[in-house]
file work33.pdb (PDB, C-alpha atoms)
ATOM      1  CA  MET W   1      -9.346  26.841 -44.848
ATOM      2  CA  THR W   2      -8.911  25.121 -41.500
ATOM      3  CA  ASN W   3     -11.191  22.170 -40.794
ATOM      4  CA  SER W   4     -13.118  23.167 -37.670
ATOM      5  CA  LYS W   5     -14.873  19.845 -37.238
ATOM      6  CA  ARG W   6     -14.051  17.882 -34.117
ATOM      7  CA  LYS W   7     -12.351  14.640 -35.094
ATOM      8  CA  ILE W   8     -13.461  11.462 -33.339
ATOM      9  CA  VAL W   9     -11.954   8.007 -33.650
ATOM     10  CA  VAL W  10     -14.027   4.935 -32.849
ATOM     11  CA  THR W  11     -12.162   1.807 -31.782
ATOM     12  CA  GLY W  12     -13.968  -1.510 -32.148
ATOM     13  CA  ALA W  13     -15.434  -0.009 -35.297
ATOM     14  CA  THR W  14     -16.435  -3.309 -36.902
ATOM     15  CA  GLY W  15     -18.234  -4.608 -33.802
ATOM     16  CA  GLN W  16     -21.905  -4.372 -32.879
ATOM     17  CA  ILE W  17     -21.545  -1.223 -30.794
ATOM     18  CA  GLY W  18     -18.873   0.457 -32.900
ATOM     19  CA  GLY W  19     -20.756   0.092 -36.160
ATOM     20  CA  VAL W  20     -23.955   1.594 -34.788
ATOM     21  CA  LEU W  21     -22.012   4.353 -33.047
ATOM     22  CA  ILE W  22     -20.274   5.351 -36.273
ATOM     23  CA  ARG W  23     -23.592   5.633 -38.096
ATOM     24  CA  LEU W  24     -24.981   7.850 -35.327
ATOM     25  CA  LEU W  25     -21.935  10.107 -35.259
ATOM     26  CA  ALA W  26     -21.641  10.295 -39.051
ATOM     27  CA  ALA W  27     -25.101  11.864 -39.156
ATOM     28  CA  ASP W  28     -23.736  14.847 -37.197
ATOM     29  CA  SER W  29     -22.288  17.283 -39.732
ATOM     30  CA  SER W  30     -20.210  19.019 -37.053
ATOM     31  CA  LEU W  31     -18.046  15.924 -36.567
ATOM     32  CA  GLN W  32     -15.382  14.140 -38.573
ATOM     33  CA  VAL W  33     -15.609  10.437 -37.718
ATOM     34  CA  VAL W  34     -12.806   7.923 -38.238
ATOM     35  CA  ALA W  35     -13.138   4.153 -37.885
ATOM     36  CA  ALA W  36     -10.155   2.405 -36.285
ATOM     37  CA  ALA W  37      -9.845  -1.181 -37.464
ATOM     38  CA  ARG W  38      -7.313  -3.986 -37.366
ATOM     39  CA  ASN W  39      -8.640  -5.079 -40.749
ATOM     40  CA  PRO W  40      -9.563  -1.933 -42.711
ATOM     41  CA  GLY W  41     -11.302  -4.023 -45.356
ATOM     42  CA  LYS W  42     -13.989  -5.009 -42.865
ATOM     43  CA  ALA W  43     -14.679  -1.347 -42.116
ATOM     44  CA  ARG W  44     -14.962  -0.252 -45.736
ATOM     45  CA  ASP W  45     -18.765  -0.248 -45.724
ATOM     46  CA  LEU W  46     -19.088   2.051 -42.693
ATOM     47  CA  GLY W  47     -18.984   5.122 -44.916
ATOM     48  CA  VAL W  48     -16.279   6.997 -43.003
ATOM     49  CA  PRO W  49     -12.479   7.199 -43.283
ATOM     50  CA  VAL W  50     -10.689   4.165 -41.862
ATOM     51  CA  VAL W  51      -7.351   4.088 -40.061
ATOM     52  CA  LEU W  52      -5.240   1.000 -39.435
ATOM     53  CA  PHE W  53      -5.279   0.234 -35.714
ATOM     54  CA  ASP W  54      -4.234  -2.609 -33.445
ATOM     55  CA  TYR W  55      -4.004  -2.512 -29.645
ATOM     56  CA  ASP W  56      -1.227  -5.099 -29.842
ATOM     57  CA  ARG W  57       0.902  -3.010 -32.233
ATOM     58  CA  GLU W  58       2.067   0.064 -30.343
ATOM     59  CA  GLU W  59       3.666   1.523 -33.461
ATOM     60  CA  ARG W  60       0.168   1.896 -34.941
ATOM     61  CA  LEU W  61      -1.257   3.913 -32.054
ATOM     62  CA  ALA W  62       0.261   7.328 -32.766
ATOM     63  CA  PRO W  63      -0.734   7.424 -36.475
ATOM     64  CA  ALA W  64      -4.301   6.428 -35.601
ATOM     65  CA  LEU W  65      -4.563   9.190 -32.996
ATOM     66  CA  GLU W  66      -3.031  12.041 -34.960
ATOM     67  CA  GLY W  67      -5.311  15.080 -34.933
ATOM     68  CA  ILE W  68      -7.965  13.297 -32.879
ATOM     69  CA  ASP W  69     -10.019  15.279 -30.366
ATOM     70  CA  SER W  70     -12.156  12.526 -28.831
ATOM     71  CA  VAL W  71     -12.003   8.732 -28.622
ATOM     72  CA  PHE W  72     -14.467   5.923 -28.127
ATOM     73  CA  MET W  73     -12.339   3.355 -26.328
ATOM     74  CA  LEU W  74     -13.374  -0.290 -26.508
ATOM     75  CA  THR W  75     -10.905  -3.029 -25.629
ATOM     76  CA  GLY W  76     -11.040  -6.794 -25.899
ATOM     77  CA  TYR W  77     -11.776  -8.856 -22.807
ATOM     78  CA  THR W  78      -8.482 -10.451 -21.862
ATOM     79  CA  VAL W  79      -6.041  -9.575 -19.120
ATOM     80  CA  ASP W  80      -3.940  -8.004 -21.899
ATOM     81  CA  MET W  81      -6.443  -5.140 -21.953
ATOM     82  CA  LEU W  82      -4.599  -3.607 -18.990
ATOM     83  CA  LYS W  83      -1.306  -3.324 -20.851
ATOM     84  CA  GLN W  84      -3.064  -2.343 -24.074
ATOM     85  CA  SER W  85      -5.064   0.406 -22.379
ATOM     86  CA  HIS W  86      -1.959   1.776 -20.671
ATOM     87  CA  ALA W  87      -0.105   2.090 -23.973
ATOM     88  CA  PHE W  88      -3.136   3.466 -25.809
ATOM     89  CA  LEU W  89      -3.877   6.150 -23.230
ATOM     90  CA  ASN W  90      -0.241   7.216 -23.108
ATOM     91  CA  ALA W  91      -0.269   7.559 -26.892
ATOM     92  CA  ALA W  92      -3.544   9.490 -26.745
ATOM     93  CA  LYS W  93      -2.086  11.890 -24.208
ATOM     94  CA  ARG W  94       0.942  12.518 -26.401
ATOM     95  CA  ALA W  95      -1.348  13.069 -29.394
ATOM     96  CA  GLY W  96      -3.364  15.729 -27.585
ATOM     97  CA  VAL W  97      -6.626  13.794 -27.328
ATOM     98  CA  LYS W  98      -8.966  15.663 -25.006
ATOM     99  CA  HIS W  99     -11.980  13.431 -24.273
ATOM    100  CA  ILE W 100     -12.215   9.671 -23.736
ATOM    101  CA  VAL W 101     -15.514   7.779 -23.725
ATOM    102  CA  HIS W 102     -14.604   4.399 -22.261
ATOM    103  CA  LEU W 103     -16.765   1.298 -22.512
ATOM    104  CA  GLY W 104     -16.360  -0.472 -19.198
ATOM    105  CA  ALA W 105     -18.252  -3.087 -17.221
ATOM    106  CA  PRO W 106     -21.054  -3.207 -14.643
ATOM    107  CA  GLY W 107     -20.717  -2.802 -10.924
ATOM    108  CA  ASP W 108     -20.114  -0.159  -8.320
ATOM    109  CA  ASP W 109     -16.667   1.009  -7.290
ATOM    110  CA  ASN W 110     -16.485  -1.760  -4.684
ATOM    111  CA  THR W 111     -17.161  -4.605  -7.107
ATOM    112  CA  LYS W 112     -15.521  -7.939  -6.367
ATOM    113  CA  VAL W 113     -15.984  -9.274  -9.926
ATOM    114  CA  GLY W 114     -12.480  -9.785 -11.270
ATOM    115  CA  HIS W 115     -12.757  -8.681 -14.885
ATOM    116  CA  TRP W 116     -15.007  -5.768 -13.968
ATOM    117  CA  THR W 117     -12.208  -4.438 -11.769
ATOM    118  CA  TRP W 118      -9.867  -4.484 -14.767
ATOM    119  CA  HIS W 119     -12.060  -1.863 -16.382
ATOM    120  CA  GLN W 120     -12.117   0.198 -13.212
ATOM    121  CA  PHE W 121      -8.314   0.287 -13.179
ATOM    122  CA  VAL W 122      -8.509   1.631 -16.733
ATOM    123  CA  GLU W 123     -11.063   4.232 -15.627
ATOM    124  CA  ARG W 124      -8.752   5.404 -12.867
ATOM    125  CA  TYR W 125      -5.808   5.646 -15.287
ATOM    126  CA  ILE W 126      -7.917   7.732 -17.670
ATOM    127  CA  GLU W 127      -8.704  10.112 -14.815
ATOM    128  CA  TRP W 128      -5.132  10.177 -13.506
ATOM    129  CA  SER W 129      -3.867  11.000 -17.006
ATOM    130  CA  GLY W 130      -5.901  14.191 -16.994
ATOM    131  CA  PHE W 131      -8.351  13.456 -19.822
ATOM    132  CA  SER W 132     -11.864  14.748 -19.891
ATOM    133  CA  PHE W 133     -13.807  11.494 -19.647
ATOM    134  CA  THR W 134     -17.131   9.711 -19.681
ATOM    135  CA  HIS W 135     -17.270   6.203 -18.251
ATOM    136  CA  LEU W 136     -19.937   3.832 -19.551
ATOM    137  CA  ARG W 137     -20.814   0.849 -17.366
ATOM    138  CA  PRO W 138     -23.265  -1.345 -19.287
ATOM    139  CA  GLU W 139     -24.954  -4.347 -17.745
ATOM    140  CA  LEU W 140     -25.159  -7.620 -19.703
ATOM    141  CA  PHE W 141     -25.816  -7.237 -23.423
ATOM    142  CA  MET W 142     -29.033  -8.704 -24.809
ATOM    143  CA  GLN W 143     -26.986  -9.655 -27.867
ATOM    144  CA  ASN W 144     -25.102 -12.178 -25.709
ATOM    145  CA  LEU W 145     -28.088 -14.458 -26.217
ATOM    146  CA  LEU W 146     -27.174 -14.771 -29.878
ATOM    147  CA  SER W 147     -23.703 -16.086 -29.113
ATOM    148  CA  TYR W 148     -21.643 -15.786 -25.949
ATOM    149  CA  GLY W 149     -23.595 -16.242 -22.689
ATOM    150  CA  GLY W 150     -26.524 -18.130 -24.145
ATOM    151  CA  SER W 151     -27.298 -20.265 -27.177
ATOM    152  CA  GLN W 152     -29.932 -22.393 -28.795
ATOM    153  CA  ALA W 153     -28.979 -25.968 -28.067
ATOM    154  CA  GLU W 154     -29.100 -27.957 -31.305
ATOM    155  CA  GLY W 155     -31.871 -25.754 -32.673
ATOM    156  CA  ASN W 156     -34.490 -27.031 -30.259
ATOM    157  CA  GLY W 157     -35.385 -23.802 -28.466
ATOM    158  CA  ILE W 158     -33.360 -24.491 -25.329
ATOM    159  CA  ILE W 159     -31.378 -21.516 -24.040
ATOM    160  CA  ARG W 160     -28.358 -22.675 -22.101
ATOM    161  CA  HIS W 161     -26.921 -20.498 -19.352
ATOM    162  CA  TYR W 162     -25.021 -20.746 -16.071
ATOM    163  CA  VAL W 163     -26.773 -18.555 -13.510
ATOM    164  CA  GLY W 164     -29.793 -20.528 -12.284
ATOM    165  CA  ASP W 165     -32.836 -18.324 -11.743
ATOM    166  CA  ALA W 166     -30.860 -15.151 -11.032
ATOM    167  CA  SER W 167     -32.452 -11.902 -12.182
ATOM    168  CA  ILE W 168     -29.927  -9.859 -14.151
ATOM    169  CA  SER W 169     -30.033  -6.369 -15.636
ATOM    170  CA  TRP W 170     -29.711  -6.157 -19.426
ATOM    171  CA  VAL W 171     -29.102  -3.546 -22.112
ATOM    172  CA  HIS W 172     -29.396  -3.557 -25.905
ATOM    173  CA  THR W 173     -26.081  -2.777 -27.629
ATOM    174  CA  ASP W 174     -27.814  -0.147 -29.788
ATOM    175  CA  ASP W 175     -28.642   1.706 -26.570
ATOM    176  CA  VAL W 176     -25.028   1.572 -25.455
ATOM    177  CA  ALA W 177     -24.046   3.095 -28.795
ATOM    178  CA  ALA W 178     -26.700   5.785 -28.403
ATOM    179  CA  VAL W 179     -25.329   6.914 -25.046
ATOM    180  CA  ALA W 180     -21.760   6.781 -26.342
ATOM    181  CA  ALA W 181     -22.825   9.007 -29.240
ATOM    182  CA  VAL W 182     -24.286  11.750 -27.060
ATOM    183  CA  ALA W 183     -21.242  11.622 -24.765
ATOM    184  CA  LEU W 184     -18.968  12.151 -27.774
ATOM    185  CA  GLN W 185     -21.186  14.818 -29.313
ATOM    186  CA  HIS W 186     -21.487  16.791 -26.076
ATOM    187  CA  PRO W 187     -18.387  16.243 -23.940
ATOM    188  CA  GLU W 188     -19.051  19.509 -22.137
ATOM    189  CA  ILE W 189     -22.223  17.954 -20.700
ATOM    190  CA  HIS W 190     -20.970  14.424 -20.031
ATOM    191  CA  ALA W 191     -17.416  15.114 -18.878
ATOM    192  CA  GLY W 192     -16.606  13.617 -15.497
ATOM    193  CA  LYS W 193     -19.696  11.409 -15.473
ATOM    194  CA  THR W 194     -20.239   7.668 -15.131
ATOM    195  CA  HIS W 195     -23.348   6.368 -16.879
ATOM    196  CA  HIS W 196     -24.719   3.013 -15.743
ATOM    197  CA  LEU W 197     -26.642   1.351 -18.580
ATOM    198  CA  GLY W 198     -29.141  -1.374 -17.668
ATOM    199  CA  TYR W 199     -32.839  -1.073 -18.386
ATOM    200  CA  GLU W 200     -34.638  -4.381 -17.925
ATOM    201  CA  ALA W 201     -34.034  -7.068 -15.299
ATOM    202  CA  LYS W 202     -34.964 -10.588 -16.353
ATOM    203  CA  THR W 203     -34.189 -14.185 -15.455
ATOM    204  CA  TYR W 204     -33.432 -16.652 -18.217
ATOM    205  CA  PRO W 205     -36.795 -18.396 -17.693
ATOM    206  CA  GLU W 206     -38.495 -15.010 -18.174
ATOM    207  CA  ILE W 207     -36.485 -14.400 -21.339
ATOM    208  CA  ALA W 208     -37.550 -17.816 -22.637
ATOM    209  CA  GLU W 209     -41.186 -16.821 -22.055
ATOM    210  CA  ILE W 210     -40.706 -13.612 -24.044
ATOM    211  CA  LEU W 211     -39.114 -15.505 -26.936
ATOM    212  CA  THR W 212     -41.955 -18.025 -26.899
ATOM    213  CA  LYS W 213     -44.524 -15.258 -27.177
ATOM    214  CA  VAL W 214     -42.720 -13.147 -29.780
ATOM    215  CA  VAL W 215     -41.172 -15.831 -31.999
ATOM    216  CA  GLY W 216     -44.190 -18.141 -31.796
ATOM    217  CA  GLN W 217     -42.224 -21.274 -30.889
ATOM    218  CA  LYS W 218     -41.588 -22.866 -27.520
ATOM    219  CA  PHE W 219     -38.430 -21.761 -25.714
ATOM    220  CA  THR W 220     -37.154 -23.048 -22.394
ATOM    221  CA  SER W 221     -34.094 -22.240 -20.315
ATOM    222  CA  GLU W 222     -31.569 -24.775 -19.102
ATOM    223  CA  SER W 223     -29.184 -23.795 -16.327
ATOM    224  CA  ARG W 224     -25.902 -25.609 -16.689
ATOM    225  CA  SER W 225     -22.911 -25.943 -14.390
ATOM    226  CA  PRO W 226     -20.364 -23.097 -14.392
ATOM    227  CA  GLU W 227     -17.718 -25.825 -14.319
ATOM    228  CA  GLU W 228     -18.993 -27.032 -17.681
ATOM    229  CA  PHE W 229     -18.678 -23.508 -19.054
ATOM    230  CA  LEU W 230     -15.086 -23.153 -17.870
ATOM    231  CA  GLU W 231     -14.078 -26.549 -19.204
ATOM    232  CA  GLN W 232     -15.552 -25.829 -22.623
ATOM    233  CA  MET W 233     -14.040 -22.348 -22.883
ATOM    234  CA  LEU W 234     -10.560 -23.478 -21.899
ATOM    235  CA  ALA W 235     -10.770 -26.422 -24.305
ATOM    236  CA  ALA W 236     -11.691 -23.971 -27.071
ATOM    237  CA  GLY W 237      -8.535 -21.975 -26.360
ATOM    238  CA  ALA W 238     -10.138 -18.972 -24.638
ATOM    239  CA  GLU W 239      -7.967 -16.729 -22.478
ATOM    240  CA  PRO W 240      -7.717 -18.510 -19.077
ATOM    241  CA  ALA W 241      -7.557 -15.475 -16.756
ATOM    242  CA  TYR W 242     -10.689 -13.953 -18.251
ATOM    243  CA  MET W 243     -12.619 -17.215 -18.388
ATOM    244  CA  ARG W 244     -11.890 -17.986 -14.749
ATOM    245  CA  CYS W 245     -13.268 -14.556 -13.873
ATOM    246  CA  VAL W 246     -16.432 -15.247 -15.861
ATOM    247  CA  TYR W 247     -16.736 -18.691 -14.260
ATOM    248  CA  GLN W 248     -16.704 -17.101 -10.799
ATOM    249  CA  ASN W 249     -19.091 -14.434 -12.067
ATOM    250  CA  TRP W 250     -21.685 -17.077 -13.005
ATOM    251  CA  ILE W 251     -21.350 -18.648  -9.560
ATOM    252  CA  ASP W 252     -21.829 -15.295  -7.850
ATOM    253  CA  TYR W 253     -24.856 -14.367  -9.974
ATOM    254  CA  GLU W 254     -26.621 -17.603  -9.043
ATOM    255  CA  ALA W 255     -25.725 -17.173  -5.364
ATOM    256  CA  GLY W 256     -27.066 -13.602  -5.307
ATOM    257  CA  ALA W 257     -23.608 -12.420  -4.284
ATOM    258  CA  ILE W 258     -23.335  -9.482  -6.728
ATOM    259  CA  PRO W 259     -24.916  -6.322  -5.287
ATOM    260  CA  GLY W 260     -27.051  -4.529  -7.844
ATOM    261  CA  ALA W 261     -26.998  -7.382 -10.352
ATOM    262  CA  ASP W 262     -30.627  -6.658 -11.241
ATOM    263  CA  ALA W 263     -30.437  -2.861 -10.958
ATOM    264  CA  VAL W 264     -32.243  -0.867 -13.627
ATOM    265  CA  TYR W 265     -31.652   2.797 -14.294
ATOM    266  CA  ASP W 266     -33.941   5.647 -15.348
ATOM    267  CA  ASN W 267     -31.333   7.784 -17.118
ATOM    268  CA  PHE W 268     -31.783   6.682 -20.724
ATOM    269  CA  PHE W 269     -34.553   9.045 -21.832
ATOM    270  CA  GLU W 270     -32.747  11.998 -20.291
ATOM    271  CA  LEU W 271     -29.541  10.989 -22.072
ATOM    272  CA  THR W 272     -30.944  10.202 -25.522
ATOM    273  CA  GLY W 273     -34.511  11.506 -25.793
ATOM    274  CA  ARG W 274     -36.028   8.073 -26.377
ATOM    275  CA  GLN W 275     -36.918   4.976 -24.387
ATOM    276  CA  PRO W 276     -34.487   2.042 -24.137
ATOM    277  CA  LYS W 277     -35.168  -1.086 -26.139
ATOM    278  CA  THR W 278     -36.969  -3.917 -24.367
ATOM    279  CA  TRP W 279     -36.461  -7.672 -24.449
ATOM    280  CA  ALA W 280     -39.650  -7.978 -26.496
ATOM    281  CA  GLU W 281     -38.257  -5.557 -29.086
ATOM    282  CA  PHE W 282     -34.958  -7.431 -29.146
ATOM    283  CA  ALA W 283     -36.781 -10.732 -29.685
ATOM    284  CA  LYS W 284     -38.786  -9.217 -32.560
ATOM    285  CA  GLU W 285     -35.625  -7.775 -34.182
ATOM    286  CA  HIS W 286     -33.890 -11.177 -34.115
ATOM    287  CA  ALA W 287     -36.871 -13.504 -34.489
ATOM    288  CA  ASP W 288     -35.406 -15.133 -37.600
ATOM    289  CA  ALA W 289     -32.181 -15.947 -35.736
ATOM    290  CA  PHE W 290     -34.114 -17.608 -32.915
ATOM    291  CA  LYS W 291     -36.475 -19.697 -35.045
ATOM    292  CA  TYR W 292     -35.810 -23.412 -35.210
TER     293      TYR W 292
END

call {"tool": "encode", "arguments": {"input": "work33.pdb", "output": "structure tokens"}}
result
Amino acid sequence: MTNSKRKIVVTGATGQIGGVLIRLLAADSSLQVVAAARNPGKARDLGVPVVLFDYDREERLAPALEGIDSVFMLTGYTVDMLKQSHAFLNAAKRAGVKHIVHLGAPGDDNTKVGHWTWHQFVERYIEWSGFSFTHLRPELFMQNLLSYGGSQAEGNGIIRHYVGDASISWVHTDDVAAVAAVALQHPEIHAGKTHHLGYEAKTYPEIAEILTKVVGQKFTSESRSPEEFLEQMLAAGAEPAYMRCVYQNWIDYEAGAIPGADAVYDNFFELTGRQPKTWAEFAKEHADAFKY
């Protein structure tokens, strides 16, 4: 008997978005979901079949894409993503993949933010290659506050950042996964569409106020120099081309030089049937991580 289920592979399966996305898709009995992972052992607990996958190993692309109908495409943030995406999409085309849901970056088509444009080149290549596609353009992730983009300084409730009092649009990674899920479940509805995902605009001082109220301890924000950020990232061995883009991004946020940086969208309920998660909900979810 022929398996009539549509087969979907999720790249970035062991990450925050990929893991949630797999759980959402696995609940749909009409789909066969496959987790693509560089380290299959880390994906063992996802409850779906796992395929060995590595963007840097082109010989692993074709086996991972065999029999696949749709792909959730998430790449790492280095300039290498351009070469990786080119090879991956070529392999997907040869494998007969029909629909690509690509996780991109914020901004309109005229964005001047360097690393955001990398994603837009990938979007254009997806379209040029003839795939059915859905482009996702999320704003900043709330989860960045737990690691990259903001941190508790020495456990004293200070949130360091690099954008002054700029108001920025944010999205919960669970909500990104939710939109990716519906785009993969219903490609006939979402094909050819670009979904901007940002649902609450806040400054870092406003976020500190929310944490203070929800966690029950005092939080304050501390805007640091973008130069300090760049120096620290390069010293830690981060990819220079990407980090210089982010450095300029922080400068432009603070200067108000990014059009639509605080844009919020009203598409989430229509896309998913529920309301997007708020900063207060995020703070409650991760209260234990923020306590000091």

call {"tool": "resolve_selection", "arguments": {"input": "work33.pdb", "expression": "the PyMOL selection byres ((chain W and resi 35-50) around 9)", "output": "list in words"}}
result
Ile8, Val9, Val10, Thr11, Gly12, Ala13, Thr14, Gly18, Gly19, Ile22, Arg23, Ala26, Gln32, Val33, Val34, Val51, Leu52, Phe53, Asp54, Tyr55 and Ala64 of chain W

call {"tool": "closest_residue", "arguments": {"input": "work33.pdb", "among": "W:Ile258, W:Gly76, W:Gln16, W:Pro106", "to": "Thr173 (chain W)", "atoms": "only C-alpha atoms"}}
result
W:Gln16

call {"tool": "atom_distance", "arguments": {"input": "work33.pdb", "atom1": "CA of Pro63 (chain W)", "atom2": "CA of Val97 (chain W)"}}
result
12.6 Å

call {"tool": "residues_around", "arguments": {"input": "work33.pdb", "residues": "Gly107 (chain W)", "least_positions_apart": "3", "cutoff": "8 Å", "atoms": "all atoms listed in the file", "output": "tab-separated table (two decimals) with C-alpha atoms, in the frame of the given file"}}
result
chain	number	residue	atom	x	y	z
W	110	ASN	CA	-16.48	-1.76	-4.68
W	111	THR	CA	-17.16	-4.61	-7.11
W	116	TRP	CA	-15.01	-5.77	-13.97
W	137	ARG	CA	-20.81	0.85	-17.37
W	259	PRO	CA	-24.92	-6.32	-5.29
W	260	GLY	CA	-27.05	-4.53	-7.84
W	261	ALA	CA	-27.00	-7.38	-10.35

call {"tool": "atom_distance", "arguments": {"input": "work33.pdb", "atom1": "CA of Glu127 (chain W)", "atom2": "CA of Arg60 (chain W)"}}
result
23.5 Å

call {"tool": "resolve_selection", "arguments": {"input": "work33.pdb", "expression": "the PyMOL selection byres ((chain W and resi 255) around 12)", "output": "list in words"}}
result
Tyr162, Val163, Gly164, Asp165, Ala166, Ser167, Gln248, Asn249, Trp250, Ile251, Asp252, Tyr253, Glu254, Gly256, Ala257, Ile258, Pro259 and Ala261 of chain W

call {"tool": "write_last_selection", "arguments": {"input": "work33.pdb", "atoms": "C-alpha atoms", "output": "PDB file, keeping the file's coordinate frame"}}
result
ATOM      1  CA  TYR W 162     -25.021 -20.746 -16.071  1.00  0.00           C
ATOM      2  CA  VAL W 163     -26.773 -18.555 -13.510  1.00  0.00           C
ATOM      3  CA  GLY W 164     -29.793 -20.528 -12.284  1.00  0.00           C
ATOM      4  CA  ASP W 165     -32.836 -18.324 -11.743  1.00  0.00           C
ATOM      5  CA  ALA W 166     -30.860 -15.151 -11.032  1.00  0.00           C
ATOM      6  CA  SER W 167     -32.452 -11.902 -12.182  1.00  0.00           C
ATOM      7  CA  GLN W 248     -16.704 -17.101 -10.799  1.00  0.00           C
ATOM      8  CA  ASN W 249     -19.091 -14.434 -12.067  1.00  0.00           C
ATOM      9  CA  TRP W 250     -21.685 -17.077 -13.005  1.00  0.00           C
ATOM     10  CA  ILE W 251     -21.350 -18.648  -9.560  1.00  0.00           C
ATOM     11  CA  ASP W 252     -21.829 -15.295  -7.850  1.00  0.00           C
ATOM     12  CA  TYR W 253     -24.856 -14.367  -9.974  1.00  0.00           C
ATOM     13  CA  GLU W 254     -26.621 -17.603  -9.043  1.00  0.00           C
ATOM     14  CA  GLY W 256     -27.066 -13.602  -5.307  1.00  0.00           C
ATOM     15  CA  ALA W 257     -23.608 -12.420  -4.284  1.00  0.00           C
ATOM     16  CA  ILE W 258     -23.335  -9.482  -6.728  1.00  0.00           C
ATOM     17  CA  PRO W 259     -24.916  -6.322  -5.287  1.00  0.00           C
ATOM     18  CA  ALA W 261     -26.998  -7.382 -10.352  1.00  0.00           C
TER      19      ALA W 261
END

call {"tool": "atom_distance", "arguments": {"input": "work33.pdb", "atom1": "CA of Leu65 (chain W)", "atom2": "CA of Asp174 (chain W)"}}
result
25.3 Å

call {"tool": "residues_around", "arguments": {"input": "work33.pdb", "residues": "Met142 (chain W)", "least_positions_apart": "4", "cutoff": "8 Å", "atoms": "only C-alpha atoms", "output": "number ranges by chain"}}
result
W: 170-173, 279, 282

call {"tool": "residues_around", "arguments": {"input": "work33.pdb", "residues": "Leu24 (chain W)", "least_positions_apart": "5", "cutoff": "9 Å", "atoms": "only C-alpha atoms", "output": "CSV table (one decimal) with C-alpha atoms, keeping the file's coordinate frame"}}
result
chain,number,residue,atom,x,y,z
W,19,GLY,CA,-20.8,0.1,-36.2
W,177,ALA,CA,-24.0,3.1,-28.8
W,178,ALA,CA,-26.7,5.8,-28.4
W,181,ALA,CA,-22.8,9.0,-29.2

call {"tool": "closest_residue", "arguments": {"input": "work33.pdb", "among": "W:Asp288, W:Asp266, W:Glu209, W:Glu123", "to": "Lys193 (chain W)", "atoms": "all atoms listed in the file"}}
result
W:Glu123

call {"tool": "resolve_selection", "arguments": {"input": "work33.pdb", "expression": "the PyMOL selection byres ((chain W and resi 143) around 12)", "output": "PDB file with C-alpha atoms, in the coordinates of the input"}}
result
ATOM      1  CA  GLY W  15     -18.234  -4.608 -33.802  1.00  0.00           C
ATOM      2  CA  GLN W  16     -21.905  -4.372 -32.879  1.00  0.00           C
ATOM      3  CA  ILE W  17     -21.545  -1.223 -30.794  1.00  0.00           C
ATOM      4  CA  GLU W 139     -24.954  -4.347 -17.745  1.00  0.00           C
ATOM      5  CA  LEU W 140     -25.159  -7.620 -19.703  1.00  0.00           C
ATOM      6  CA  PHE W 141     -25.816  -7.237 -23.423  1.00  0.00           C
ATOM      7  CA  MET W 142     -29.033  -8.704 -24.809  1.00  0.00           C
ATOM      8  CA  ASN W 144     -25.102 -12.178 -25.709  1.00  0.00           C
ATOM      9  CA  LEU W 145     -28.088 -14.458 -26.217  1.00  0.00           C
ATOM     10  CA  LEU W 146     -27.174 -14.771 -29.878  1.00  0.00           C
ATOM     11  CA  SER W 147     -23.703 -16.086 -29.113  1.00  0.00           C
ATOM     12  CA  TYR W 148     -21.643 -15.786 -25.949  1.00  0.00           C
ATOM     13  CA  GLY W 149     -23.595 -16.242 -22.689  1.00  0.00           C
ATOM     14  CA  GLY W 150     -26.524 -18.130 -24.145  1.00  0.00           C
ATOM     15  CA  SER W 151     -27.298 -20.265 -27.177  1.00  0.00           C
ATOM     16  CA  TRP W 170     -29.711  -6.157 -19.426  1.00  0.00           C
ATOM     17  CA  VAL W 171     -29.102  -3.546 -22.112  1.00  0.00           C
ATOM     18  CA  HIS W 172     -29.396  -3.557 -25.905  1.00  0.00           C
ATOM     19  CA  THR W 173     -26.081  -2.777 -27.629  1.00  0.00           C
ATOM     20  CA  ASP W 174     -27.814  -0.147 -29.788  1.00  0.00           C
ATOM     21  CA  ASP W 175     -28.642   1.706 -26.570  1.00  0.00           C
ATOM     22  CA  VAL W 176     -25.028   1.572 -25.455  1.00  0.00           C
ATOM     23  CA  LYS W 277     -35.168  -1.086 -26.139  1.00  0.00           C
ATOM     24  CA  TRP W 279     -36.461  -7.672 -24.449  1.00  0.00           C
ATOM     25  CA  PHE W 282     -34.958  -7.431 -29.146  1.00  0.00           C
ATOM     26  CA  ALA W 283     -36.781 -10.732 -29.685  1.00  0.00           C
ATOM     27  CA  GLU W 285     -35.625  -7.775 -34.182  1.00  0.00           C
ATOM     28  CA  HIS W 286     -33.890 -11.177 -34.115  1.00  0.00           C
ATOM     29  CA  ALA W 289     -32.181 -15.947 -35.736  1.00  0.00           C
ATOM     30  CA  PHE W 290     -34.114 -17.608 -32.915  1.00  0.00           C
TER      31      PHE W 290
END

call {"tool": "closest_residue", "arguments": {"input": "work33.pdb", "among": "W:Leu61, W:Val101, W:Ala92, W:Val71", "to": "Ser129 (chain W)", "atoms": "only C-alpha atoms"}}
result
W:Ala92

call {"tool": "residues_near_point", "arguments": {"input": "work33.pdb", "point": "(-41.1, -16.2, -21.8)", "cutoff": "12 Å", "atoms": "all atoms listed in the file", "output": "list of chain:residue names"}}
result
W:Gly157, W:Ile158, W:Ile159, W:Lys202, W:Thr203, W:Tyr204, W:Pro205, W:Glu206, W:Ile207, W:Ala208, W:Glu209, W:Ile210, W:Leu211, W:Thr212, W:Lys213, W:Val214, W:Val215, W:Gly216, W:Gln217, W:Lys218, W:Phe219, W:Thr220, W:Ser221, W:Trp279, W:Ala280, W:Ala283

call {"tool": "closest_residue", "arguments": {"input": "work33.pdb", "among": "W:Glu227, W:His135, W:Tyr247, W:His99", "to": "His115 (chain W)", "atoms": "all atoms listed in the file"}}
result
W:Tyr247

call {"tool": "axis_aligned_box", "arguments": {"input": "work33.pdb", "around": "region 234-242 of chain W", "padding_each_side": "3 Å", "output": "lines of an AutoDock Vina configuration file"}}
result
center_x = -9.6
center_y = -20.2
center_z = -21.9
size_x = 10.1
size_y = 18.5
size_z = 16.3
